[in-house]
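This is structure_20.txt. It holds compact mmCIF, C-alpha atoms.
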```txt
# COMPACT_ATOMS: atom_id res chain seq x y z
CA PHE U 669 90.87 109.71 95.53
CA MET U 670 92.20 108.83 98.97
CA SER U 671 90.16 111.73 100.34
CA MET U 672 87.06 110.31 98.65
CA ILE U 673 87.57 106.96 100.40
CA ILE U 674 88.05 108.71 103.75
CA ALA U 675 84.99 110.93 103.14
CA HIS U 676 82.85 107.83 102.55
CA GLU U 677 84.37 106.31 105.72
CA ASP U 678 85.42 103.17 103.82
CA LEU U 679 88.51 102.99 106.00
CA HIS U 680 88.90 99.24 105.49
CA ILE U 681 90.03 100.03 101.91
CA TYR U 682 92.54 102.56 103.26
CA ALA U 683 93.74 99.94 105.78
CA TYR U 684 94.14 97.22 103.13
CA VAL U 685 96.16 99.49 100.83
CA SER U 686 98.32 100.60 103.78
CA ILE U 687 99.03 96.94 104.63
CA ILE U 688 99.92 96.24 100.98
CA GLU U 689 102.22 99.28 101.02
CA ALA U 690 103.99 98.14 104.20
CA LEU U 691 104.46 94.59 102.89
CA SER U 692 105.70 95.97 99.55
CA LYS U 693 108.34 98.07 101.31
CA LEU U 694 109.48 94.98 103.22
CA GLY U 695 109.63 93.01 99.98
CA ILE U 696 111.63 95.77 98.25
CA VAL U 697 114.23 95.81 101.02
CA SER U 698 114.48 92.00 100.87
CA LEU U 699 114.97 92.11 97.08
CA LEU U 700 117.86 94.55 97.39
CA VAL U 701 119.93 91.82 99.06
CA VAL U 702 119.82 89.55 95.98
CA LEU U 703 119.57 92.01 93.07
CA PRO U 704 122.95 92.60 91.34
CA TRP U 705 122.33 96.22 90.14
CA ASP U 706 123.01 99.52 91.89
CA LYS U 707 120.94 99.19 95.04
CA LEU U 708 120.15 102.89 95.50
CA ILE U 709 118.85 103.29 91.94
CA VAL U 710 116.84 100.04 92.15
CA TYR U 711 115.40 101.09 95.51
CA GLY U 712 114.23 104.42 94.07
CA ILE U 713 112.69 102.78 90.98
CA LEU U 714 110.85 100.14 93.03
CA LEU U 715 109.51 102.73 95.49
CA CYS U 716 108.27 104.82 92.57
CA ALA U 717 106.57 101.76 91.05
CA MET U 718 104.97 100.92 94.40
CA SER U 719 103.59 104.46 94.75
CA PHE U 720 102.17 104.27 91.22
CA ILE U 721 100.46 100.93 91.96
CA ASN U 722 98.98 102.21 95.24
CA SER U 723 97.65 105.34 93.54
CA SER U 724 96.18 103.20 90.75
CA ILE U 725 94.38 101.03 93.31
CA TYR U 726 92.77 104.11 94.89
CA ILE U 727 91.74 105.49 91.47
CA ILE U 728 90.25 102.19 90.24
CA VAL U 729 88.35 101.55 93.49
CA CYS U 730 86.91 105.09 93.55
CA MET U 731 85.85 105.02 89.90
CA LYS U 732 84.10 101.67 90.33
CA LYS U 733 82.58 102.29 93.77
CA TYR U 734 81.55 105.97 93.87
CA GLU U 735 79.24 107.59 91.33
CA GLU U 736 80.78 111.05 91.81
CA CYS U 737 84.14 109.66 90.56
CA GLN U 738 82.67 108.29 87.34
CA PHE U 739 82.96 110.32 84.13
CA HIS U 740 79.41 110.46 82.72
CA LYS U 741 79.43 114.04 81.50
CA PHE U 742 81.46 117.21 81.78
CA TYR U 743 80.25 119.40 84.65
CA TRP U 744 81.49 122.93 85.32
CA ASP U 745 80.57 125.33 88.10
CA ARG U 746 82.74 128.41 88.30
CA ASN U 747 81.85 129.19 91.93
CA ILE U 748 82.65 125.67 93.14
CA PHE U 749 85.89 125.74 91.14
CA LYS U 750 86.93 129.02 92.83
CA GLU U 751 86.14 127.59 96.27
CA VAL U 752 88.15 124.42 95.58
CA ILE U 753 91.13 126.38 94.22
CA GLY U 754 91.08 128.75 97.20
CA PHE U 755 90.83 125.94 99.73
CA THR U 756 93.48 123.81 98.00
CA GLY U 757 95.82 126.73 97.40
CA TRP U 758 95.90 127.92 101.00
CA THR U 759 96.14 124.37 102.33
CA LEU U 760 99.12 123.76 100.03
CA PHE U 761 100.64 127.00 101.28
CA GLY U 762 100.45 125.66 104.84
CA GLN U 763 102.03 122.36 103.82
CA PHE U 764 104.69 124.21 101.81
CA THR U 765 105.73 126.34 104.80
CA THR U 766 106.03 123.23 106.99
CA ILE U 767 108.20 121.36 104.47
CA THR U 768 110.26 124.47 103.68
CA ARG U 769 110.95 125.12 107.35
CA LYS U 770 112.10 121.55 107.99
CA GLN U 771 114.28 121.32 104.90
CA ALA U 772 115.76 124.80 105.40
CA VAL U 773 116.70 124.01 109.00
CA THR U 774 118.29 120.71 107.88
CA ILE U 775 120.35 122.55 105.23
CA LEU U 776 121.33 125.17 107.80
CA ILE U 777 122.59 122.51 110.24
CA ASN U 778 124.36 120.72 107.39
CA GLN U 779 126.18 123.94 106.47
CA LEU U 780 127.23 124.89 110.00
CA PHE U 781 127.92 121.54 111.67
CA ASN U 782 129.63 118.25 110.86
CA PRO U 783 127.85 115.20 109.35
CA VAL U 784 127.66 113.48 112.76
CA VAL U 785 125.30 116.20 114.04
CA VAL U 786 123.21 115.94 110.85
CA ALA U 787 123.00 112.15 111.35
CA ALA U 788 121.81 112.67 114.94
CA MET U 789 119.09 115.03 113.70
CA SER U 790 117.99 112.50 111.05
CA ILE U 791 117.76 109.73 113.65
CA SER U 792 115.60 111.93 115.90
CA THR U 793 113.26 112.64 112.97
CA GLN U 794 113.01 108.93 112.17
CA THR U 795 112.24 108.14 115.82
CA THR U 796 109.40 110.66 116.04
CA ASN U 797 107.93 109.43 112.74
CA TYR U 798 107.37 106.00 114.27
CA VAL U 799 105.63 107.49 117.31
CA THR U 800 103.24 109.66 115.26
CA ILE U 801 101.85 106.79 113.16
CA PHE U 802 99.01 105.87 115.54
CA SER U 803 97.81 109.41 116.23
CA ASN U 804 98.00 110.32 112.52
CA ASN U 805 95.87 107.33 111.55
CA PHE U 806 93.36 108.13 114.30
CA ASN U 807 93.13 111.70 113.03
CA VAL U 808 92.30 110.36 109.55
CA ILE U 809 89.30 108.59 111.13
CA LEU U 810 88.15 111.90 112.66
CA TYR U 811 88.04 113.81 109.35
CA PRO U 812 84.67 112.57 107.98
CA PRO U 813 82.50 112.81 111.12
CA ILE U 814 83.80 116.27 112.10
CA ILE U 815 83.26 117.69 108.61
CA LYS U 816 79.86 115.97 108.18
CA ASN U 817 78.63 117.27 111.53
CA TYR U 818 79.75 120.79 110.57
CA ALA U 819 78.00 120.55 107.20
CA SER U 820 74.76 119.33 108.79
CA GLY U 821 74.85 122.00 111.51
CA GLN U 822 75.31 119.54 114.38
CA LYS U 823 77.69 121.76 116.31
CA ASP U 824 77.50 119.97 119.68
CA GLN U 825 78.43 116.60 118.16
CA MET U 826 81.24 118.24 116.19
CA LEU U 827 82.68 119.91 119.30
CA ASN U 828 82.48 116.66 121.28
CA LEU U 829 84.41 114.92 118.52
CA MET U 830 87.00 117.69 118.55
CA PHE U 831 87.41 117.68 122.35
CA ASN U 832 87.58 113.89 122.63
CA GLY U 833 89.70 113.56 119.48
CA SER U 834 92.27 116.05 120.78
CA LYS U 835 92.69 114.04 123.97
CA ILE U 836 92.84 110.65 122.27
CA CYS U 837 95.30 111.85 119.58
CA PHE U 838 97.62 112.96 122.36
CA PHE U 839 97.07 109.82 124.46
CA LEU U 840 97.85 107.52 121.52
CA MET U 841 101.21 109.26 121.19
CA TRP U 842 101.86 109.62 124.90
CA VAL U 843 101.52 105.91 125.67
CA PHE U 844 104.56 105.29 123.42
CA ALA U 845 106.34 108.63 123.83
CA ALA U 846 106.57 108.53 127.65
CA PRO U 847 108.61 105.29 127.93
CA LEU U 848 110.61 106.23 124.83
CA PHE U 849 111.44 109.65 126.30
CA LEU U 850 112.56 108.20 129.65
CA GLY U 851 114.43 105.21 128.23
CA MET U 852 115.87 107.00 125.20
CA ASP U 853 119.50 106.69 126.30
CA GLU U 854 119.32 102.91 126.79
CA ILE U 855 117.16 102.38 123.69
CA MET U 856 119.61 104.26 121.46
CA ARG U 857 122.55 102.27 122.82
CA LEU U 858 120.76 98.99 122.12
CA TRP U 859 119.63 100.11 118.66
CA LEU U 860 122.76 101.90 117.39
CA LYS U 861 125.47 100.55 119.74
CA ASN U 862 127.36 103.89 119.53
CA PRO U 863 124.78 106.60 118.79
CA PRO U 864 126.10 109.93 117.47
CA PRO U 865 126.44 112.77 120.00
CA TYR U 866 123.23 114.74 120.61
CA THR U 867 121.06 111.84 119.35
CA VAL U 868 119.30 111.32 122.70
CA LEU U 869 118.83 115.05 123.33
CA PHE U 870 117.59 115.71 119.77
CA SER U 871 115.15 112.80 119.96
CA ARG U 872 113.71 113.93 123.29
CA LEU U 873 113.24 117.51 122.11
CA ALA U 874 111.72 116.33 118.81
CA LEU U 875 109.28 114.15 120.78
CA ILE U 876 108.14 117.19 122.77
CA GLU U 877 107.51 119.09 119.52
CA VAL U 878 105.38 116.34 117.95
CA LEU U 879 103.44 115.85 121.21
CA ILE U 880 102.45 119.52 121.12
CA ASN U 881 101.33 119.13 117.51
CA SER U 882 99.35 115.94 118.17
CA THR U 883 96.79 117.77 120.30
CA SER U 884 96.27 120.23 117.43
CA PHE U 885 95.21 117.68 114.79
CA PRO U 886 91.43 117.89 115.43
CA LEU U 887 91.69 121.70 115.57
CA MET U 888 93.22 121.60 112.08
CA THR U 889 90.29 119.46 110.91
CA MET U 890 87.83 121.98 112.41
CA ALA U 891 89.50 124.79 110.48
CA ARG U 892 89.28 122.79 107.25
CA ALA U 893 85.61 122.05 107.94
CA ALA U 894 84.90 125.80 107.93
CA GLY U 895 86.68 126.05 104.57
CA LYS U 896 87.98 129.61 105.17
CA MET U 897 91.68 128.81 105.05
CA LYS U 898 93.30 132.12 104.06
CA LEU U 899 93.65 133.75 107.50
CA TYR U 900 94.35 130.40 109.19
CA GLU U 901 97.10 129.19 106.85
CA LEU U 902 98.64 132.63 106.27
CA THR U 903 98.99 133.25 110.01
CA LEU U 904 100.29 129.81 110.97
CA GLY U 905 102.47 129.50 107.86
CA SER U 906 104.19 132.80 108.64
CA ILE U 907 104.78 131.73 112.24
CA GLN U 908 106.09 128.38 110.98
CA LEU U 909 108.67 130.05 108.72
CA SER U 910 109.90 132.16 111.63
CA ILE U 911 111.42 128.97 113.10
CA PHE U 912 114.03 128.97 110.32
CA PHE U 913 114.88 132.67 110.63
CA MET U 914 115.13 132.51 114.43
CA SER U 915 117.28 129.37 114.18
CA TRP U 916 119.56 131.07 111.67
CA PHE U 917 119.86 134.13 113.92
CA SER U 918 120.56 132.11 117.10
CA LEU U 919 123.16 129.87 115.42
CA SER U 920 124.90 132.90 113.90
CA LEU U 921 125.28 134.26 117.45
CA GLY U 922 126.99 131.02 118.50
CA ALA U 923 124.06 129.22 120.14
CA PRO U 924 124.38 125.40 120.47
CA VAL U 925 122.81 123.24 117.79
CA TYR U 926 119.99 122.01 120.05
CA SER U 927 118.72 125.61 120.25
CA VAL U 928 117.08 124.92 116.87
CA LEU U 929 114.77 122.36 118.50
CA LEU U 930 114.14 124.56 121.53
CA ILE U 931 113.04 127.36 119.18
CA ALA U 932 110.78 124.90 117.32
CA ILE U 933 109.14 123.86 120.62
CA ILE U 934 108.52 127.47 121.68
CA ILE U 935 107.14 128.46 118.26
CA ASN U 936 104.91 125.36 118.18
CA CYS U 937 103.47 126.39 121.56
CA ILE U 938 102.74 129.83 120.09
CA MET U 939 101.17 128.18 117.02
CA PHE U 940 99.03 125.98 119.27
CA VAL U 941 97.64 129.03 121.10
CA ALA U 942 97.16 130.87 117.78
CA ARG U 943 95.35 127.84 116.36
CA ILE U 944 92.93 127.81 119.31
CA PHE U 945 91.98 131.46 118.71
CA LEU U 946 91.88 131.17 114.92
CA VAL U 947 89.48 128.22 115.10
CA LYS U 948 87.46 130.21 117.66
CA HIS U 949 87.20 132.94 115.00
CA LEU U 950 86.15 130.44 112.30
CA ILE U 951 83.83 128.28 114.42
CA ASN U 952 82.53 129.94 117.54
CA TYR U 953 83.25 127.67 120.53
CA SER U 954 84.18 128.10 124.19
CA ILE U 955 87.94 128.31 124.76
CA LEU U 956 87.30 127.77 128.47
CA GLN U 957 85.49 124.54 127.60
CA TYR U 958 88.47 123.48 125.46
CA PHE U 959 90.83 123.99 128.38
CA LYS U 960 88.47 122.15 130.73
CA LYS U 961 87.92 119.16 128.45
CA VAL U 962 91.36 118.90 126.77
CA ILE U 963 94.22 120.91 128.29
CA PHE U 964 93.56 120.21 131.98
CA PRO U 965 93.04 116.40 131.64
CA VAL U 966 96.05 116.08 129.31
CA SER U 967 98.25 118.13 131.67
CA ALA U 968 97.18 116.02 134.66
CA VAL U 969 97.95 112.78 132.81
CA ILE U 970 101.39 114.09 131.79
CA LEU U 971 102.38 115.22 135.29
CA ILE U 972 101.27 112.08 137.12
CA SER U 973 102.30 109.44 134.58
CA ILE U 974 105.73 110.93 133.78
CA ASN U 975 106.66 111.17 137.47
CA LEU U 976 105.53 107.61 138.27
CA SER U 977 107.22 106.26 135.12
CA ALA U 978 110.43 108.16 135.92
CA MET U 979 110.52 106.47 139.33
CA VAL U 980 110.26 103.06 137.63
CA PHE U 981 113.11 103.84 135.21
CA TYR U 982 115.22 105.27 138.03
CA LEU U 983 114.70 102.40 140.50
CA LEU U 984 115.15 99.45 138.13
CA PRO U 985 118.71 98.47 137.06
CA LYS U 986 120.02 99.01 133.53
CA GLY U 987 119.92 96.24 130.95
CA PHE U 988 117.75 94.87 128.15
CA ALA U 989 115.43 92.79 130.37
CA TYR U 990 114.90 95.59 132.89
CA LEU U 991 114.35 98.08 130.06
CA ASN U 992 111.49 95.95 128.73
CA VAL U 993 109.98 95.74 132.22
CA SER U 994 110.31 99.51 132.64
CA ILE U 995 108.66 100.18 129.28
CA LEU U 996 105.80 97.78 130.07
CA LEU U 997 105.21 99.35 133.49
CA SER U 998 105.34 102.83 131.97
CA VAL U 999 102.72 101.87 129.37
CA ILE U 1000 100.50 100.44 132.13
CA ILE U 1001 100.94 103.57 134.27
CA SER U 1002 100.19 105.90 131.35
CA SER U 1003 97.16 103.87 130.24
CA THR U 1004 95.78 103.79 133.78
CA CYS U 1005 96.23 107.56 134.19
CA MET U 1006 94.54 108.16 130.85
CA TYR U 1007 91.58 105.99 131.82
CA LEU U 1008 91.10 107.29 135.36
CA ILE U 1009 92.14 110.95 134.93
CA GLY U 1010 92.06 111.75 131.22
CA LEU U 1011 88.59 110.41 130.44
CA GLU U 1012 85.23 111.56 131.75
CA HIS U 1013 82.83 109.18 133.50
CA ILE U 1014 80.60 108.69 130.45
CA GLU U 1015 83.66 107.96 128.28
CA ARG U 1016 84.86 105.30 130.72
CA ILE U 1017 81.42 103.66 130.64
CA LYS U 1018 81.50 103.53 126.83
CA ILE U 1019 85.00 102.03 126.79
CA ARG U 1020 84.01 99.38 129.35
CA ALA U 1021 80.95 98.51 127.27
CA VAL U 1022 83.05 98.09 124.11
CA VAL U 1023 85.67 95.94 125.90
CA GLU U 1024 83.02 93.78 127.58
CA ASN U 1025 81.25 93.32 124.24
CA LYS U 1026 84.51 92.25 122.55
CA ILE U 1027 85.28 89.79 125.35
CA PHE U 1028 81.74 88.38 125.22
CA ASN U 1029 81.90 87.89 121.43
CA PHE U 1030 85.31 86.23 121.72
CA LEU U 1031 84.12 83.83 124.43
CA ARG U 1032 81.00 83.01 122.44
CA LEU U 1033 83.09 82.13 119.37
CA THR U 1034 85.42 79.90 121.40
```

Structure encoded using structure tokens:
Amino acid sequence: FMSMIIAHEDLHIYAYVSIIEALSKLGIVSLLVVLPWDKLIVYGILLCAMSFINSSIYIIVCMKKYEECQFHKFYWDRNIFKEVIGFTGWTLFGQFTTITRKQAVTILINQLFNPVVVAAMSISTQTTNYVTIFSNNFNVILYPPIIKNYASGQKDQMLNLMFNGSKICFFLMWVFAAPLFLGMDEIMRLWLKNPPPYTVLFSRLALIEVLINSTSFPLMTMARAAGKMKLYELTLGSIQLSIFFMSWFSLSLGAPVYSVLLIAIIINCIMFVARIFLVKHLINYSILQYFKKVIFPVSAVILISINLSAMVFYLLPKGFAYLNVSILLSVIISSTCMYLIGLEHIERIKIRAVVENKIFNFLRLT
């Protein structure tokens, strides 16, 4: 039902439910302070109830708003059913391999190292989850137009969406990831007072992994638009599972715990390259054009903005006030590099037009 809302591009409904969900989580945490019962059990029950309510909202809205979600008569098409099962099954296989890899690596670390190391790994995961929110939500917006353009045969528009979406997904993460990466040590000390060992290193390596993945989001959507998921998911899922086996092998040889994240970064780079060629096989497009429009601009933005931001963090003194100044300057530097280097001339013109229009409308209202 959520997919139906996204397919119809009624993203305001998705946004409203997401806001309700966020406020509900805040309310649940606040209630735990005053409720007398076992807090862990109550927290689980309330989260379950919240998920049920959110799902019910999606179902009710879809059944009232969209004709294809209303039960007028029983309809059965064996061919469509087979296509849906095949698509869903292979997509679930891909999701299963991702979850299995992450959970298996966590169990492996838990078995071989002390709880402090496990806590550091959990903190790094939590940190990267916050950074990925913006790019994940932007990728949700890209689903409908990419798939609709593919279905209608508008290949040029679809490729432009993929090229631009890949850059913007990365940029939305980079604007937060760059200052977080550079100021991680100070941020962790302010947040946790005494962070567990390896927390800063784990968080930085985990950030690199999710940054690599962020550029791949529109490529994943392109593969789903083609609908032929068997080769795509089987190949990438198998590569994904190799992270666990390679981690197990390296740790059994006495490698340090952070080697797990280094292996994940290397394998994700391999998966990124494999994804480019697999999508090329599914939807014929120019890999050279992809490098020209995505990889080269993104690489240039990374090199210039990270070096300038590193100078800011290095030159300014330590402390809460200076950290805020450093983060602000890093965001400005990254945003400027994205605008001047990462975007093409026509894209800059469109952004200026949108900003000028917003300013004009605001001034007219005031």

Notebook entry, point to check: Which is closer to Gly987 in chain U than all the others in U:Ile855, U:Leu760, U:Leu829, U:Leu950, using only C-alpha atoms?
Noted result: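 Closest residue, counting only C-alpha atoms: U:Ile855.
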
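For the atom pair formed by CA of Ala968 in chain U and CA of Val799 in chain U, the distance is 21.1 Å, given to one decimal.
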
Note to self: Could you list, as a PyMOL selection string, every residue within 12 Å of Tyr958 in chain U, counting only C-alpha atoms and ignoring same-chain residues fewer than 2 positions away?
What the structure shows: chain U and resi 827-835+883-884+886-887+941+944-945+947-948+952-956+960-966

Note to self: Given all atoms listed in the file as the basis, pick out the residue of U:Phe781, U:Phe764, U:Phe720, U:Tyr866 nearest to Gln908 in chain U.
What the structure shows: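 Looking only at the distances to Gln908 in chain U, the closest residue turns out to be U:Phe764.
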
Checklist line | Gap from CA of Leu703 in chain U to CA of Cys716 in chain U - Å, one decimal | finding: 17.1 Å

Notebook entry, point to check: In terms of the shortest atom-to-atom distance over only C-alpha atoms, which of U:Pro924, U:Gly712, U:Gly754, U:Gly821 is closest to Lys896 in chain U?
Noted result: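 With only C-alpha atoms as the atom set, the closest residue is U:Gly754.
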
Check: U:Leu715, U:Arg769, U:Ile809, U:Leu708: which is nearest Lys693 in chain U, counting only C-alpha atoms?
Finding: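 Smallest distance to Lys693 in chain U is found for U:Leu715.
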
Note to self: With all atoms listed in the file as the counted atoms, please give the residues lying no more than 8 Å from Ile1001 in chain U, apart from itself and same-chain residues fewer than 4 positions off, as a list in words.
What the structure shows: Ser973, Leu976, Ser977, Leu997 and Cys1005 of chain U

Place N, CA and C atoms on range 680-693 of chain U and deliver the coordinates as a tab-separated table (two decimals), keeping the file's coordinate frame.
```tsv
chain	number	residue	atom	x	y	z
U	680	HIS	N	88.32	100.57	105.68
U	680	HIS	CA	88.90	99.24	105.49
U	680	HIS	C	89.72	99.20	104.19
U	681	ILE	N	89.27	99.96	103.17
U	681	ILE	CA	90.03	100.03	101.91
U	681	ILE	C	91.37	100.72	102.17
U	682	TYR	N	91.31	101.83	102.89
U	682	TYR	CA	92.54	102.56	103.26
U	682	TYR	C	93.48	101.66	104.05
U	683	ALA	N	92.92	100.85	104.96
U	683	ALA	CA	93.74	99.94	105.78
U	683	ALA	C	94.38	98.86	104.91
U	684	TYR	N	93.61	98.28	103.99
U	684	TYR	CA	94.14	97.22	103.13
U	684	TYR	C	95.30	97.74	102.26
U	685	VAL	N	95.11	98.92	101.68
U	685	VAL	CA	96.16	99.49	100.83
U	685	VAL	C	97.40	99.82	101.66
U	686	SER	N	97.19	100.29	102.89
U	686	SER	CA	98.32	100.60	103.78
U	686	SER	C	99.09	99.33	104.13
U	687	ILE	N	98.37	98.22	104.34
U	687	ILE	CA	99.03	96.94	104.63
U	687	ILE	C	99.83	96.48	103.41
U	688	ILE	N	99.22	96.61	102.23
U	688	ILE	CA	99.92	96.24	100.98
U	688	ILE	C	101.19	97.09	100.82
U	689	GLU	N	101.07	98.37	101.13
U	689	GLU	CA	102.22	99.28	101.02
U	689	GLU	C	103.34	98.87	101.97
U	690	ALA	N	102.98	98.54	103.22
U	690	ALA	CA	103.99	98.14	104.20
U	690	ALA	C	104.68	96.84	103.79
U	691	LEU	N	103.88	95.86	103.33
U	691	LEU	CA	104.46	94.59	102.89
U	691	LEU	C	105.33	94.78	101.64
U	692	SER	N	104.91	95.68	100.76
U	692	SER	CA	105.70	95.97	99.55
U	692	SER	C	107.06	96.55	99.91
U	693	LYS	N	107.07	97.47	100.88
U	693	LYS	CA	108.34	98.07	101.31
U	693	LYS	C	109.27	97.01	101.89
```
